[in-house]
file protein.cif (mmCIF, C-alpha atoms and all ligand atoms)
data_structure
#
loop_
_atom_site.label_atom_id
_atom_site.label_comp_id
_atom_site.auth_asym_id
_atom_site.auth_seq_id
_atom_site.Cartn_x
_atom_site.Cartn_y
_atom_site.Cartn_z
CA MET A 1 24.76 -8.35 -19.63
CA SER A 2 22.08 -10.34 -17.82
CA THR A 3 18.65 -8.75 -17.53
CA ASN A 4 16.65 -8.62 -14.36
CA ASN A 5 12.95 -9.18 -15.06
CA TYR A 6 10.41 -7.99 -12.54
CA LEU A 7 6.65 -8.50 -12.49
CA VAL A 8 4.46 -6.09 -10.54
CA THR A 9 0.74 -6.85 -10.29
CA GLY A 10 -1.26 -3.73 -9.45
CA GLY A 11 1.60 -1.90 -11.15
CA ALA A 12 -0.63 0.90 -12.41
CA GLY A 13 -1.68 1.73 -8.85
CA PHE A 14 -0.16 4.00 -6.22
CA ILE A 15 2.48 1.78 -4.60
CA GLY A 16 2.85 -0.63 -7.55
CA GLY A 17 3.43 2.30 -9.94
CA THR A 18 6.08 3.78 -7.64
CA LEU A 19 7.78 0.38 -7.39
CA ALA A 20 7.62 -0.24 -11.16
CA ARG A 21 9.13 3.18 -11.92
CA ARG A 22 11.87 2.68 -9.36
CA LEU A 23 12.84 -0.72 -10.77
CA SER A 24 12.74 0.66 -14.32
CA ALA A 25 14.88 3.66 -13.30
CA LEU A 26 17.44 1.19 -11.95
CA GLY A 27 17.68 -0.23 -15.48
CA HIS A 28 15.63 -3.38 -14.94
CA SER A 29 13.04 -4.84 -17.27
CA VAL A 30 9.61 -4.37 -15.68
CA THR A 31 6.24 -5.85 -16.57
CA ILE A 32 3.08 -4.64 -14.90
CA LEU A 33 -0.21 -6.46 -14.71
CA ASP A 34 -3.31 -4.38 -13.99
CA LEU A 35 -6.87 -3.77 -15.11
CA PRO A 36 -7.15 -2.43 -18.70
CA GLU A 37 -8.70 0.89 -17.59
CA LYS A 38 -5.91 1.49 -15.07
CA ILE A 39 -3.22 0.73 -17.65
CA GLU A 40 -4.88 3.23 -19.98
CA MET A 41 -4.70 5.88 -17.23
CA ALA A 42 -1.03 5.09 -16.52
CA LYS A 43 0.07 5.58 -20.13
CA GLU A 44 1.68 8.98 -19.52
CA TRP A 45 4.38 7.57 -17.22
CA LEU A 46 4.86 4.01 -18.46
CA GLY A 47 7.89 4.65 -20.70
CA THR A 48 9.57 1.32 -21.42
CA ILE A 49 7.54 -0.59 -18.84
CA GLU A 50 5.75 -3.53 -20.42
CA CYS A 51 2.02 -3.84 -19.73
CA CYS A 52 -0.30 -6.80 -19.44
CA ALA A 53 -3.97 -5.93 -19.08
CA GLY A 54 -6.12 -8.42 -17.19
CA ASN A 55 -7.97 -9.37 -14.07
CA VAL A 56 -5.99 -11.22 -11.38
CA ALA A 57 -9.16 -13.08 -10.37
CA ASP A 58 -8.94 -14.90 -13.72
CA PRO A 59 -6.22 -17.58 -13.97
CA ALA A 60 -6.08 -16.96 -17.74
CA THR A 61 -4.56 -13.55 -17.01
CA PHE A 62 -1.50 -15.18 -15.46
CA ALA A 63 -1.36 -17.80 -18.24
CA SER A 64 -1.06 -14.94 -20.74
CA LEU A 65 2.02 -13.41 -19.06
CA PRO A 66 5.22 -13.56 -21.12
CA LYS A 67 7.48 -16.53 -20.35
CA LYS A 68 10.65 -15.17 -18.78
CA THR A 69 13.14 -15.91 -16.08
CA TRP A 70 11.61 -13.67 -13.45
CA THR A 71 14.03 -12.15 -10.96
CA ALA A 72 11.14 -11.36 -8.64
CA ALA A 73 7.37 -11.03 -8.74
CA PHE A 74 5.45 -8.59 -6.58
CA HIS A 75 1.76 -9.11 -5.92
CA LEU A 76 0.15 -5.77 -5.15
CA ALA A 77 -3.09 -5.95 -7.15
CA ALA A 78 -6.02 -5.69 -4.80
CA GLN A 79 -9.37 -4.12 -4.21
CA THR A 80 -8.26 -1.49 -1.70
CA SER A 81 -11.29 0.72 -1.08
CA ALA A 82 -12.75 0.24 2.42
CA ARG A 83 -16.16 1.41 1.21
CA ILE A 84 -16.35 -1.09 -1.68
CA SER A 85 -15.06 -3.76 0.65
CA GLU A 86 -18.03 -3.36 2.98
CA GLU A 87 -20.66 -2.67 0.30
CA LYS A 88 -19.60 -5.34 -2.20
CA PRO A 89 -17.48 -7.88 -0.33
CA GLY A 90 -17.59 -10.28 -3.29
CA ILE A 91 -15.22 -8.00 -5.22
CA ASP A 92 -12.62 -8.25 -2.43
CA ILE A 93 -12.99 -11.98 -2.28
CA ASP A 94 -12.56 -12.32 -6.04
CA THR A 95 -9.75 -9.83 -6.45
CA ASN A 96 -7.84 -10.29 -3.22
CA VAL A 97 -8.31 -13.96 -2.36
CA LYS A 98 -8.68 -15.54 -5.82
CA GLY A 99 -6.09 -13.06 -7.13
CA ALA A 100 -3.56 -14.20 -4.50
CA GLN A 101 -4.29 -17.85 -5.20
CA ASN A 102 -3.88 -17.36 -8.95
CA PHE A 103 -0.65 -15.44 -8.43
CA CYS A 104 0.74 -18.20 -6.19
CA ASP A 105 -0.27 -20.93 -8.67
CA TRP A 106 1.53 -19.00 -11.40
CA ALA A 107 4.60 -18.43 -9.18
CA ARG A 108 4.76 -22.13 -8.28
CA LYS A 109 5.10 -22.91 -11.99
CA SER A 110 7.15 -19.88 -13.07
CA ARG A 111 9.57 -19.96 -10.09
CA PRO A 112 10.48 -16.27 -9.76
CA GLY A 113 13.70 -15.64 -7.82
CA PHE A 114 11.48 -14.40 -5.03
CA ALA A 115 7.86 -13.43 -4.45
CA VAL A 116 6.49 -10.51 -2.45
CA PHE A 117 2.97 -9.93 -1.16
CA THR A 118 1.67 -6.62 0.18
CA SER A 119 -0.55 -7.51 3.10
CA SER A 120 -1.93 -4.94 5.51
CA MET A 121 -2.10 -3.81 9.12
CA ALA A 122 -5.81 -4.66 8.66
CA VAL A 123 -4.95 -8.29 9.47
CA TYR A 124 -4.38 -7.23 13.11
CA GLY A 125 -7.92 -5.92 13.53
CA TRP A 126 -8.67 -3.08 15.91
CA SER A 127 -6.32 -0.64 17.56
CA GLY A 128 -2.93 -1.58 18.93
CA ASP A 129 0.35 -0.04 20.00
CA ASN A 130 3.75 -1.22 18.87
CA ILE A 131 2.07 -4.15 17.09
CA SER A 132 4.57 -6.88 16.28
CA GLU A 133 4.25 -9.52 13.59
CA ASP A 134 3.84 -12.14 16.33
CA GLN A 135 0.45 -10.73 17.25
CA HIS A 136 -2.17 -13.22 16.16
CA PRO A 137 -4.16 -11.91 13.15
CA LYS A 138 -7.72 -11.02 14.08
CA PRO A 139 -9.13 -8.98 11.18
CA VAL A 140 -12.43 -7.17 11.70
CA SER A 141 -13.11 -6.07 8.11
CA VAL A 142 -13.76 -7.95 4.88
CA TYR A 143 -10.59 -6.42 3.49
CA GLY A 144 -8.56 -7.59 6.51
CA VAL A 145 -10.00 -11.10 6.25
CA THR A 146 -9.08 -11.31 2.56
CA LYS A 147 -5.52 -10.14 3.29
CA SER A 148 -5.18 -12.62 6.15
CA ALA A 149 -6.50 -15.48 3.98
CA SER A 150 -4.17 -14.49 1.14
CA GLU A 151 -1.16 -14.66 3.45
CA HIS A 152 -1.74 -18.42 3.73
CA PHE A 153 -1.41 -18.90 -0.03
CA PHE A 154 1.97 -17.19 0.23
CA ARG A 155 2.96 -19.40 3.18
CA ILE A 156 2.23 -22.45 1.02
CA LEU A 157 4.19 -20.92 -1.87
CA LYS A 158 7.15 -20.46 0.47
CA GLU A 159 6.83 -24.04 1.71
CA ASP A 160 6.88 -25.08 -1.95
CA GLY A 161 10.34 -23.55 -2.27
CA VAL A 162 9.77 -20.05 -3.67
CA PRO A 163 11.54 -17.50 -1.42
CA THR A 164 8.69 -15.32 -0.23
CA ARG A 165 8.11 -12.22 1.83
CA ILE A 166 4.91 -10.74 3.17
CA TYR A 167 4.90 -7.07 4.09
CA ARG A 168 2.13 -5.78 6.33
CA LEU A 169 1.87 -2.15 5.31
CA PHE A 170 0.60 0.53 7.66
CA ASN A 171 -0.60 3.94 6.32
CA VAL A 172 1.28 4.56 3.11
CA TYR A 173 1.20 8.07 1.64
CA GLY A 174 2.99 10.07 -1.03
CA PRO A 175 2.86 11.24 -4.64
CA GLY A 176 0.69 9.08 -6.87
CA GLN A 177 -1.95 8.48 -4.21
CA ASP A 178 -5.61 8.75 -5.19
CA PHE A 179 -6.53 12.20 -3.89
CA PHE A 180 -10.10 11.91 -5.20
CA ASN A 181 -10.98 8.90 -3.07
CA LEU A 182 -12.47 10.46 0.03
CA SER A 183 -13.23 7.12 1.66
CA GLN A 184 -9.68 5.85 2.02
CA GLY A 185 -6.39 7.16 3.41
CA MET A 186 -6.60 9.59 6.33
CA LEU A 187 -3.68 11.76 5.20
CA SER A 188 -4.76 11.99 1.54
CA ILE A 189 -8.36 12.79 2.56
CA PHE A 190 -7.25 15.64 4.85
CA LEU A 191 -4.71 16.92 2.32
CA ALA A 192 -7.20 16.94 -0.57
CA GLN A 193 -9.66 18.92 1.54
CA ALA A 194 -6.93 21.29 2.76
CA LEU A 195 -6.02 22.11 -0.85
CA THR A 196 -9.50 22.45 -2.30
CA LYS A 197 -11.98 23.37 0.46
CA PRO A 198 -12.44 26.14 3.03
CA GLU A 199 -12.41 23.54 5.83
CA ILE A 200 -11.09 20.08 6.61
CA LEU A 201 -13.82 17.84 8.03
CA VAL A 202 -12.45 15.45 10.63
CA THR A 203 -14.44 12.39 11.66
CA GLY A 204 -13.71 11.44 15.27
CA THR A 205 -11.37 12.86 17.87
CA PHE A 206 -8.02 14.57 17.41
CA ASP A 207 -6.44 12.00 19.77
CA ARG A 208 -6.68 9.19 17.23
CA TYR A 209 -3.37 8.12 15.76
CA ARG A 210 -1.85 6.33 12.81
CA ASP A 211 1.55 5.15 11.60
CA PHE A 212 2.34 6.98 8.33
CA VAL A 213 5.07 5.74 6.03
CA TYR A 214 6.28 7.44 2.86
CA VAL A 215 5.81 5.46 -0.36
CA ASP A 216 9.50 5.53 -1.39
CA ASP A 217 10.44 3.99 1.97
CA VAL A 218 7.88 1.24 1.37
CA VAL A 219 9.31 0.57 -2.09
CA GLU A 220 12.84 0.27 -0.64
CA ALA A 221 11.52 -2.37 1.76
CA LEU A 222 9.67 -4.30 -0.94
CA MET A 223 12.82 -4.53 -3.08
CA LEU A 224 14.85 -6.22 -0.32
CA LYS A 225 15.85 -9.74 -1.25
CA PRO A 226 14.28 -12.17 1.25
CA GLU A 227 17.02 -13.40 3.57
CA GLY A 228 16.98 -14.88 7.03
CA GLU A 229 14.23 -16.56 8.99
CA GLU A 230 11.76 -13.70 9.23
CA TRP A 231 9.44 -13.52 6.26
CA ILE A 232 6.48 -11.50 7.56
CA LEU A 233 7.49 -7.90 8.19
CA ASN A 234 5.60 -4.79 9.24
CA VAL A 235 6.27 -1.65 7.21
CA GLY A 236 5.60 1.60 9.02
CA ASN A 237 7.54 4.38 10.65
CA GLY A 238 7.02 2.85 14.07
CA ILE A 239 5.83 6.24 15.35
CA PRO A 240 2.24 7.11 16.28
CA VAL A 241 1.09 10.43 14.81
CA ARG A 242 -2.07 11.88 16.33
CA VAL A 243 -4.73 13.53 14.17
CA GLY A 244 -4.21 16.93 15.86
CA PRO A 245 -0.49 17.29 15.04
CA LEU A 246 -1.10 15.75 11.60
CA LEU A 247 -3.63 18.48 10.84
CA ASP A 248 -1.23 21.16 12.09
CA ARG A 249 1.42 19.88 9.68
CA ILE A 250 -1.02 19.68 6.76
CA VAL A 251 -2.34 23.20 7.41
CA LYS A 252 1.26 24.44 7.46
CA ALA A 253 2.16 22.53 4.28
CA VAL A 254 -0.74 24.11 2.31
CA SER A 255 -0.44 27.59 3.83
CA ALA A 256 1.00 29.10 0.64
CA TRP A 257 -2.19 28.21 -1.28
CA ASN A 258 -4.97 28.00 1.32
CA PRO A 259 -3.82 30.05 4.33
CA ASP A 260 -7.31 30.37 5.85
CA VAL A 261 -8.28 26.69 5.82
CA LYS A 262 -10.21 25.70 8.98
CA VAL A 263 -10.59 22.36 10.71
CA ARG A 264 -14.02 21.08 11.78
CA GLN A 265 -14.81 17.94 13.74
CA VAL A 266 -17.79 15.85 12.59
CA GLU A 267 -19.28 12.61 13.88
CA SER A 268 -17.14 9.51 13.60
CA HIS A 269 -18.42 6.59 11.56
CA ARG A 270 -18.81 3.19 13.14
CA GLY A 271 -15.84 0.92 12.89
CA ASP A 272 -13.18 3.61 12.71
CA VAL A 273 -9.96 2.34 14.27
CA PHE A 274 -8.86 4.56 17.17
CA GLY A 275 -5.17 4.13 16.77
CA ASN A 276 -2.36 1.79 15.82
CA TYR A 277 1.31 1.81 15.04
CA ALA A 278 3.82 -0.80 14.06
CA ASN A 279 6.75 -2.41 15.75
CA ILE A 280 9.31 -2.30 12.93
CA ASP A 281 12.20 -4.08 14.65
CA ARG A 282 12.16 -6.96 12.15
CA LEU A 283 12.39 -4.67 9.17
CA LYS A 284 15.08 -2.59 10.85
CA ALA A 285 17.11 -5.77 11.41
CA THR A 286 17.52 -5.93 7.60
CA GLY A 287 19.24 -2.52 7.70
CA TRP A 288 16.17 -0.69 6.35
CA ARG A 289 15.33 2.66 7.92
CA PRO A 290 12.56 5.12 7.00
CA ALA A 291 14.39 7.92 5.18
CA ILE A 292 11.55 10.44 4.88
CA ASP A 293 9.81 11.85 7.95
CA LEU A 294 6.27 13.17 7.87
CA GLU A 295 7.24 16.81 7.45
CA GLN A 296 9.48 16.08 4.44
CA GLY A 297 6.98 13.58 3.07
CA LEU A 298 4.19 16.14 3.12
CA LEU A 299 6.34 18.69 1.29
CA LEU A 300 7.07 16.06 -1.37
CA THR A 301 3.40 15.08 -1.64
CA VAL A 302 1.72 18.51 -1.83
CA PRO A 303 2.88 19.41 -5.40
CA ASP A 304 1.62 16.08 -6.73
CA ALA A 305 -1.69 16.44 -4.90
CA ARG A 306 -2.10 19.98 -6.28
CA LYS A 307 -1.45 18.74 -9.82
CA ALA A 308 -3.79 15.75 -9.46
CA LEU A 309 -6.55 17.92 -8.00
CA GLY A 310 -6.13 20.56 -10.72
CA CYS A 311 -5.27 23.35 -8.24
CA LYS A 312 -4.37 26.66 -9.89
N1 LIG B 401 -1.89 2.31 0.53
C1 LIG B 401 -1.83 1.79 1.74
O1 LIG B 401 -1.78 2.51 2.75
C2 LIG B 401 -1.82 0.29 1.93
C3 LIG B 401 -1.83 -0.21 3.24
C4 LIG B 401 -1.83 -1.58 3.42
C5 LIG B 401 -1.76 -2.44 2.33
N2 LIG B 401 -1.74 -1.93 1.08
C6 LIG B 401 -1.69 -2.88 -0.04
O2 LIG B 401 -0.71 -2.46 -0.97
C7 LIG B 401 -1.13 -2.83 -2.30
C8 LIG B 401 -1.11 -1.60 -3.20
O3 LIG B 401 -2.00 -0.63 -2.66
P1 LIG B 401 -2.19 0.82 -3.29
O4 LIG B 401 -2.35 1.75 -2.16
O5 LIG B 401 -1.15 1.04 -4.31
O6 LIG B 401 -3.62 0.64 -3.95
P2 LIG B 401 -4.12 0.98 -5.42
O7 LIG B 401 -5.61 0.80 -5.35
O8 LIG B 401 -3.58 2.28 -5.89
O9 LIG B 401 -3.46 -0.17 -6.30
C9 LIG B 401 -4.05 -1.43 -6.47
C10 LIG B 401 -3.96 -1.76 -7.95
O10 LIG B 401 -4.56 -3.06 -8.13
C11 LIG B 401 -5.29 -3.00 -9.33
N3 LIG B 401 -6.38 -3.99 -9.35
C12 LIG B 401 -7.52 -3.97 -8.63
N4 LIG B 401 -8.27 -5.01 -8.95
C13 LIG B 401 -7.59 -5.72 -9.89
C14 LIG B 401 -7.87 -6.90 -10.61
N5 LIG B 401 -9.01 -7.58 -10.42
N6 LIG B 401 -6.94 -7.33 -11.50
C15 LIG B 401 -5.80 -6.64 -11.73
N7 LIG B 401 -5.48 -5.51 -11.06
C16 LIG B 401 -6.36 -5.06 -10.15
C17 LIG B 401 -5.89 -1.60 -9.34
O11 LIG B 401 -6.32 -1.22 -10.65
C18 LIG B 401 -4.75 -0.76 -8.82
O12 LIG B 401 -3.95 -0.27 -9.87
C19 LIG B 401 -2.49 -3.45 -2.16
O13 LIG B 401 -2.33 -4.84 -2.12
C20 LIG B 401 -2.99 -2.94 -0.83
O14 LIG B 401 -3.91 -3.84 -0.25
C21 LIG B 401 -1.79 -0.58 0.85
#
call {"tool": "encode", "arguments": {"input": "protein.cif", "output": "C-alpha cells"}}
result
Amino acid sequence: MSTNNYLVTGGAGFIGGTLARRLSALGHSVTILDLPEKIEMAKEWLGTIECCAGNVADPATFASLPKKTWTAAFHLAAQTSARISEEKPGIDIDTNVKGAQNFCDWARKSRPGFAVFTSSMAVYGWSGDNISEDQHPKPVSVYGVTKSASEHFFRILKEDGVPTRIYRLFNVYGPGQDFFNLSQGMLSIFLAQALTKPEILVTGTFDRYRDFVYVDDVVEALMLKPEGEEWILNVGNGIPVRVGPLLDRIVKAVSAWNPDVKVRQVESHRGDVFGNYANIDRLKATGWRPAIDLEQGLLLTVPDARKALGCK
C-alpha cells in the first residue's frame, strides 16, 4: 500500500493541529514542524504524528526535515498575534516572510505533490463587504503586509511548477483555539470572558461584523487538491455576523454555567476593523460548503474552551 506523506508547518498550533489530526485520522503519515516549546505542549495529542522542532525563519530547519516523497506540504507556521505584530514587527518579518521564503525554497527542491499557504483576510486591509480575491491587496498592518509579501513567494513556487494554493482565511474559530490570548480572535475573546468573568467587555459598537468560519470547515478546504485555474481562494462562511447577535449566541451557549453574564461596551482601540466578510464563490465552485453554522460551532467549541480555561 502506498503511503501518503504530509508536512504541516505550524502543526502544533490551532488550525495546523486540527489539520494534522484530521490527516492522521484518515490514515496518512503526518509530520509537523513547529517551535520546540509548542511541540512539547502538543505531546498529549500527537499520537503517531512525527515531530520536527525548529524555527521556520532558519533554513537549516527545513534542511533537517526527513527526505520523503511528500504528497503535500502545508505552510501554516506564522507569528499570528496582532499585538506582537505591532510591538515587535521584526518577529513577523522573520517568521512570516523569511519562513515563507524558506518553505518555498525547500518545496522547490523537495517537490511535494502540492503546496498550500494559509494567508489572511488581513491582506485586503480595512473593512469590506463580499470581498472577492480579485480585490487588490492593500494591507494596513505589519501582519497583513507579511502575508501579502509571502503570497509572492508562493506565486513564484507555482510558476516553478509546484501545484500551489493560497487560502485567505477569515475569522477561524473552534476547539483548540488559544482561549488565553485576549488580544486576538473576537469570538474566542468574548467566549473566554463569558465563561470566566461576570461581564464580557466589548470594544467598539455592536454593529461591527465579521465572517466566522469553523476550523473543521477550514481544514476540509485546505485538504482540497489544487485543480483548475483559481489558486487564491477566500475561506469564510460568506455571511456577516454582527457583534450584537454574536454576543446573544455566546450568552446563550454559556447559560448553563454563567447564566448572569453581562455585556459591557468599552472604548474601541485604534485600528479596529469595522467589518468584513468574504465572497466565497471560488471556493464553492470546488464543491466545498461550510458544514457547521455559528450556532453549532459554538456548541462544539464551548466544552473545549471550558476545559482549556479550567472551568469547574
Ligand atoms: N486563526 C485565524 O483566524 C486565522 C486567520 C487568517 C489566517 N490565519 C493563518 O493560519 C495559520 C494558522 O493560524 P492559527 O490560528 O492556527 O495560529 P497559531 O498561532 O495557533 O499557529 C501558528 C503556529 O506556528 C508556530 N510558529 C510560530 N512561529 C514559528 C517559527 N518561527 N517556527 C516554527 N513554527 C512557528 C506556532 O508555534 C504555532 O503553533 C497562520 O498562518 C495564520 O496566519 C489564521
call {"tool": "closest_atom_pairs", "arguments": {"input": "protein.cif", "of": "chain A", "to": "ligand LIG 401 (chain B)", "cutoff": "8 Å", "atoms": "only C-alpha atoms and all ligand atoms", "output": "tab-separated table"}}
result
residue	atom	partner	partner_atom	distance
A:Thr9	CA	B:LIG401	N7	6.4
A:Gly10	CA	B:LIG401	O10	3.6
A:Gly11	CA	B:LIG401	O12	5.9
A:Ala12	CA	B:LIG401	O12	4.3
A:Gly13	CA	B:LIG401	O12	3.2
A:Phe14	CA	B:LIG401	O5	3.7
A:Ile15	CA	B:LIG401	O5	3.7
A:Gly16	CA	B:LIG401	O5	5.4
A:Gly17	CA	B:LIG401	O5	7.4
A:Leu33	CA	B:LIG401	C15	6.3
A:Asp34	CA	B:LIG401	N7	3.8
A:Leu35	CA	B:LIG401	C15	4.6
A:Glu37	CA	B:LIG401	O11	7.6
A:Lys38	CA	B:LIG401	O11	5.2
A:Ile39	CA	B:LIG401	O12	7.9
A:Ala53	CA	B:LIG401	C15	7.6
A:Gly54	CA	B:LIG401	C15	5.8
A:Asn55	CA	B:LIG401	N6	3.4
A:Val56	CA	B:LIG401	N6	4.0
A:Ala57	CA	B:LIG401	N5	5.5
A:His75	CA	B:LIG401	O13	7.0
A:Leu76	CA	B:LIG401	O13	4.0
A:Ala77	CA	B:LIG401	O10	3.4
A:Ala78	CA	B:LIG401	C12	4.5
A:Gln79	CA	B:LIG401	C12	4.8
A:Thr80	CA	B:LIG401	O7	5.1
A:Ser81	CA	B:LIG401	O7	7.1
A:Asp94	CA	B:LIG401	N5	7.4
A:Thr95	CA	B:LIG401	N5	4.6
A:Asn96	CA	B:LIG401	N5	7.8
A:Gly99	CA	B:LIG401	N5	7.0
A:Phe117	CA	B:LIG401	O13	7.4
A:Thr118	CA	B:LIG401	O2	4.9
A:Ser119	CA	B:LIG401	C5	5.3
A:Ser120	CA	B:LIG401	C4	4.0
A:Met121	CA	B:LIG401	C4	6.1
A:Ala122	CA	B:LIG401	C4	7.3
A:Lys147	CA	B:LIG401	O14	7.4
A:Arg168	CA	B:LIG401	C4	6.5
A:Leu169	CA	B:LIG401	C4	4.2
A:Phe170	CA	B:LIG401	C3	5.1
A:Asn171	CA	B:LIG401	O1	4.0
A:Val172	CA	B:LIG401	O1	3.7
A:Tyr173	CA	B:LIG401	O1	6.4
A:Gln177	CA	B:LIG401	O8	6.6
A:Asp178	CA	B:LIG401	O8	6.8
A:Gly185	CA	B:LIG401	O1	6.6
call {"tool": "write_last_selection", "arguments": {"input": "protein.cif", "atoms": "C-alpha atoms", "output": "mmCIF file, in the frame of the given file"}}
result
data_model
loop_
_atom_site.group_PDB
_atom_site.id
_atom_site.type_symbol
_atom_site.label_atom_id
_atom_site.label_comp_id
_atom_site.auth_asym_id
_atom_site.auth_seq_id
_atom_site.Cartn_x
_atom_site.Cartn_y
_atom_site.Cartn_z
ATOM 1 C CA THR A 9 0.740 -6.850 -10.290
ATOM 2 C CA GLY A 10 -1.260 -3.730 -9.450
ATOM 3 C CA GLY A 11 1.600 -1.900 -11.150
ATOM 4 C CA ALA A 12 -0.630 0.900 -12.410
ATOM 5 C CA GLY A 13 -1.680 1.730 -8.850
ATOM 6 C CA PHE A 14 -0.160 4.000 -6.220
ATOM 7 C CA ILE A 15 2.480 1.780 -4.600
ATOM 8 C CA GLY A 16 2.850 -0.630 -7.550
ATOM 9 C CA GLY A 17 3.430 2.300 -9.940
ATOM 10 C CA LEU A 33 -0.210 -6.460 -14.710
ATOM 11 C CA ASP A 34 -3.310 -4.380 -13.990
ATOM 12 C CA LEU A 35 -6.870 -3.770 -15.110
ATOM 13 C CA GLU A 37 -8.700 0.890 -17.590
ATOM 14 C CA LYS A 38 -5.910 1.490 -15.070
ATOM 15 C CA ILE A 39 -3.220 0.730 -17.650
ATOM 16 C CA ALA A 53 -3.970 -5.930 -19.080
ATOM 17 C CA GLY A 54 -6.120 -8.420 -17.190
ATOM 18 C CA ASN A 55 -7.970 -9.370 -14.070
ATOM 19 C CA VAL A 56 -5.990 -11.220 -11.380
ATOM 20 C CA ALA A 57 -9.160 -13.080 -10.370
ATOM 21 C CA HIS A 75 1.760 -9.110 -5.920
ATOM 22 C CA LEU A 76 0.150 -5.770 -5.150
ATOM 23 C CA ALA A 77 -3.090 -5.950 -7.150
ATOM 24 C CA ALA A 78 -6.020 -5.690 -4.800
ATOM 25 C CA GLN A 79 -9.370 -4.120 -4.210
ATOM 26 C CA THR A 80 -8.260 -1.490 -1.700
ATOM 27 C CA SER A 81 -11.290 0.720 -1.080
ATOM 28 C CA ASP A 94 -12.560 -12.320 -6.040
ATOM 29 C CA THR A 95 -9.750 -9.830 -6.450
ATOM 30 C CA ASN A 96 -7.840 -10.290 -3.220
ATOM 31 C CA GLY A 99 -6.090 -13.060 -7.130
ATOM 32 C CA PHE A 117 2.970 -9.930 -1.160
ATOM 33 C CA THR A 118 1.670 -6.620 0.180
ATOM 34 C CA SER A 119 -0.550 -7.510 3.100
ATOM 35 C CA SER A 120 -1.930 -4.940 5.510
ATOM 36 C CA MET A 121 -2.100 -3.810 9.120
ATOM 37 C CA ALA A 122 -5.810 -4.660 8.660
ATOM 38 C CA LYS A 147 -5.520 -10.140 3.290
ATOM 39 C CA ARG A 168 2.130 -5.780 6.330
ATOM 40 C CA LEU A 169 1.870 -2.150 5.310
ATOM 41 C CA PHE A 170 0.600 0.530 7.660
ATOM 42 C CA ASN A 171 -0.600 3.940 6.320
ATOM 43 C CA VAL A 172 1.280 4.560 3.110
ATOM 44 C CA TYR A 173 1.200 8.070 1.640
ATOM 45 C CA GLN A 177 -1.950 8.480 -4.210
ATOM 46 C CA ASP A 178 -5.610 8.750 -5.190
ATOM 47 C CA GLY A 185 -6.390 7.160 3.410
#
call {"tool": "axis_aligned_box", "arguments": {"input": "protein.cif", "around": "stretch 198-215 of chain A", "padding_each_side": "5 Å", "output": "AutoDock Vina command-line options"}}
result
--center_x -4.1 --center_y 15.6 --center_z 9.7 --size_x 30.7 --size_y 31.0 --size_z 30.1
call {"tool": "residues_around", "arguments": {"input": "protein.cif", "residues": "stretch 187-189 of chain A", "least_positions_apart": "3", "cutoff": "10 Å", "atoms": "all atoms listed in the file", "output": "ChimeraX atom specification"}}
result
/A:171-175,177-184,192-194,200-202,210,212,243,246-247,250,298,301-302,305
call {"tool": "atom_distance", "arguments": {"input": "protein.cif", "atom1": "atom CA of A:Gly287", "atom2": "atom CA of A:Gly161"}}
result
24.9 Å
call {"tool": "residues_around", "arguments": {"input": "protein.cif", "residues": "A:Lys225", "least_positions_apart": "3", "cutoff": "10 Å", "atoms": "only C-alpha atoms", "output": "PDB file with C-alpha atoms, keeping the file's coordinate frame"}}
result
ATOM      1  CA  ALA A  72      11.140 -11.360  -8.640  1.00  0.00           C
ATOM      2  CA  GLY A 113      13.700 -15.640  -7.820  1.00  0.00           C
ATOM      3  CA  PHE A 114      11.480 -14.400  -5.030  1.00  0.00           C
ATOM      4  CA  ALA A 115       7.860 -13.430  -4.450  1.00  0.00           C
ATOM      5  CA  VAL A 116       6.490 -10.510  -2.450  1.00  0.00           C
ATOM      6  CA  PRO A 163      11.540 -17.500  -1.420  1.00  0.00           C
ATOM      7  CA  THR A 164       8.690 -15.320  -0.230  1.00  0.00           C
ATOM      8  CA  ARG A 165       8.110 -12.220   1.830  1.00  0.00           C
ATOM      9  CA  ALA A 221      11.520  -2.370   1.760  1.00  0.00           C
ATOM     10  CA  LEU A 222       9.670  -4.300  -0.940  1.00  0.00           C
ATOM     11  CA  GLY A 228      16.980 -14.880   7.030  1.00  0.00           C
ATOM     12  CA  THR A 286      17.520  -5.930   7.600  1.00  0.00           C
TER      13      THR A 286
END
call {"tool": "closest_residue", "arguments": {"input": "protein.cif", "among": "A:Gly275, A:Pro89, A:Gly204, A:Pro245", "to": "A:Val145", "atoms": "only C-alpha atoms"}}
result
A:Pro89
call {"tool": "residues_around", "arguments": {"input": "protein.cif", "residues": "A:Ser148", "least_positions_apart": "3", "cutoff": "8 Å", "atoms": "all atoms listed in the file", "output": "number ranges by chain"}}
result
A: 119, 123, 137, 139, 144-145, 151-152
call {"tool": "atom_distance", "arguments": {"input": "protein.cif", "atom1": "atom CA of A:Ile239", "atom2": "atom CA of A:Tyr277"}}
result
6.3 Å
call {"tool": "closest_residue", "arguments": {"input": "protein.cif", "among": "A:Ser24, A:Ala107, A:Tyr167, A:Glu199", "to": "A:Leu65", "atoms": "all atoms listed in the file"}}
result
A:Ala107
call {"tool": "closest_residue", "arguments": {"input": "protein.cif", "among": "A:Leu309, A:Ala278, A:Ala285, A:Val8", "to": "A:Asp129", "atoms": "all atoms listed in the file"}}
result
A:Ala278
call {"tool": "atom_distance", "arguments": {"input": "protein.cif", "atom1": "atom CA of A:Asp293", "atom2": "atom CA of A:Val218"}}
result
12.6 Å
call {"tool": "closest_residue", "arguments": {"input": "protein.cif", "among": "A:Gln296, A:Ser150, A:Gln265, A:Thr61", "to": "A:Gln101", "atoms": "all atoms listed in the file"}}
result
A:Ser150
call {"tool": "closest_residue", "arguments": {"input": "protein.cif", "among": "A:Leu157, A:Leu7, A:Ile232, A:Ala291", "to": "A:Phe62", "atoms": "only C-alpha atoms"}}
result
A:Leu7
